[in-house]
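Take a look at the structure set out below.
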Amino acid sequence: MEKSTETIVPYLPDSTFPIVSHGLPFEEACTKHLKSTLGCSKAFVVASGSLSRQTDALTRLGHAIGAMVVGTRQGLQPHTLLPEVLELAAQVKASGADCLITLGGGTLVDAAKIVVFANTRDITTTDVLMSKMQESLQFKGIPPPWEPDHDSTSLKIICIPTTLSGGEFNLPIAGGVDPTTLHKHLVYDPTAPGPSLIIWDPALTTTTPLQTWISTGIRAIDHCVESYAGGSRANPEAQDCAVRAIRSLLPALLQTIESPNDHAARLAAQQGSMLAVRGSFFYDGPAGASHGIGHQLGPLGVSHGDTSAILMPAVAKFNKPAVQAQQDALLREGFWSEPKIAKVLHTHGLKEDTADLSQALDAVIRALHLPRSLNEVGISKEKFLQIAKSSVKDRCCRRNPIPLTDPASVVEILEMVM
C-alpha cells in the first residue's frame with residue numbers, strides 16, 4: 001500500500017500560521033502537528049454530534065492522540081448558541097487544555113473562536129459576552145488591521161472541517177446567537193490568531209450528508225459574489241480570489257453531485273472555499289445583504305448554506321442597478337469562462353449575451369438541487385418583518401452596495417423568494 005504524503009499550504013502570505021495540511025488521514029496529521037508544530041500537550045476535542053454517533057471519526061482521533069486528550073464534548077446545537085458556548089468555555093478552562101480541536105462543521109469553528117474570546121477575558125455570562133462582542137465591532141469603515149498576537153492566549157485551535165462554509169479561514173471573526181432574541185451577534189478581535197492548523201481530509205468529508213456539503217459550498221460562493229460585486233468597496237485582490245474560487249469550487253460541486261466519492265473533487269472544493277474566504281477576509285472583500293439577512297435566517301432553523309442558495313440570486317437582482325458592471329464582469333470571468341459551469345447555464349437556456357448574474361446563480365443552484373424559496377425551508381411571510389428588523393441591525397446589510405437600513409427593503413428581497 002502506497003504511503004500517504006502530506007502537503008502543507010500556508011494560508012496567508014508572509015505569515016507562519018495558520019497552516020493547511022492535506023494528504024494524511026486527519027488523525028495522523030493532527031497527532032503529527034499537535035506537539036511538534038504547535039507545542040501543545042493537552043487537547044480538548046469538540047466533535048459534531050452526528051459525526052460522533054454515526055462514524056468512528058472521534059474514536060480514531062482519540063486513539064491517535066491518546067493521553068494528550070484531556071476532555072471531549074460531542075455536539076453543539078446549530079448556529080452557535082452563546083449560553084452553550086459559555087458552557088463549553090468553562091469545560092475547556094477546567095480541563096487545563098492548551099489546544100481546542102474541532103471535528104465537524106462551522107458551528108464548532110465559531111464556538112471555538114468565541115471560547116478563546118471569552119476565556120481570555122474571563123467572561124462567564126451571556127450578557128457580558130454579548131456586550132463585549134458588540135464592543136468589538138464598534139469601528140467605522142473597514143475593520144482595524146488584523147495583527148495576531150500568538151502569545152495572547154495559551155489556547156491554540158486546530159480545525160478539522162467537514163463542510164465548506166470556510167469559517168475556519170475567517171480567522172478573528174465568529175458569530176453566535178442570543179437564544180432569547182434569535183439575533184446573531186458577530187465578534188471581531190484584531191489580535192486573535194484564530195485557528196493555527198486546518199486539516200483537510202476529503203475521505204472524512206464523505207461522511208457529511210451530500211446536501212450539507214453542497215449547500216455549504218454555495219455559502220462559499222456567496223463570499224465570492226459579494227466580494228467581487230461589492231460596489232465601491234470591491235478591490236482587485238479580492239476579485240481575483242473570487243474568480244479563482246468560483247472556477248475551482250463550482251465545477252467541483254457539480255462533479256461531486258455526479259460522483260459523491262470523488263476525493264479529488266472534494267479537495268478542489270476545499271481549496272476553492274479557502275480562496276473564497278481569503279478574498280473576503282484578508283483582502284477585505286465586502287459582505288453584503290445575502291450574508292446579513294442569512295445571519296438572521298439561521299436562528300430560525302435555516303442552514304447557512306440554504307440561506308445563500310435562496311437569497312443570493314435575489315440579492316444580486318436587487319443590487320444590479322448599483323453594480324451591474326461588476327456583476328457582468330464576474331459572470332464573464334467566473335462563470336462563462338469555465339466549461340463545466342457554462343454547460344449548466346446553456347442547459348438552463350441562458351445565453352452569454354443576455355443572461356445576468358441573478359439568472360446564472362439561479363441556474364447553478366438548481367443544478368445542485370438546493371432550495372430556492374423560503375417556503376421550502378419553512379419560513380412563512382408572517383416572519384418577514386421580524387427577519388427584516390433584525391437584518392437591518394446587521395453590519396453586512398448596512399454595507400450592501402445598496403445599503404439596507406429600512407426593513408421594507410429587506411422585505412422586498414424576501415418577497416422575491418417566497
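Naming works like this for the C-alpha cells: A, B, ... for the chains as they're shown, residue 1 at the start of each chain, ligands 1 onward in shown order.
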Residues of region 179-347 of chain A in helix (DSSP H, G or I) according to DSSP, as a PyMOL selection string? chain A and resi 202-205+210-228+231-233+236-258+263-281+289-300+304-336+339-347
Assign secondary structure with DSSP using the backbone only, and return the residues of region 40-216 of chain A in strand (DSSP E) as a ChimeraX atom specification. /A:43-47,69-74,99-104,156-161,173-177,184-188,197-200
Check which residues of region 335-402 of chain A sit at most 12 Å from region 132-135 of chain A using only C-alpha atoms, and return one row each with the closest pair of atoms and their distance in Å to one decimal, ordered by chain and rising number, as a Markdown table.
| residue | atom | partner | partner_atom | distance |
| --- | --- | --- | --- | --- |
| A:Lys393 | CA | A:Gln134 | CA | 11.4 |
| A:Asp394 | CA | A:Gln134 | CA | 11.1 |
| A:Arg395 | CA | A:Gln134 | CA | 11.0 |
Exercise: Asp98 (chain A) partners within 6 Å, only C-alpha atoms, chain neighbours under 6 positions left out, as JSON, numbers by chain: {"A": [40, 42, 154, 155]}
Å distance separating CA of Ala29 (chain A) from CA of Ser48 (chain A), one decimal place: 18.9 Å
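The shortest atom-to-atom distance to Leu404 (chain A), with only C-alpha atoms taken into account, belongs to A:Ser290 out of A:Thr206, A:Ser290, A:Ser380, A:Asn235.
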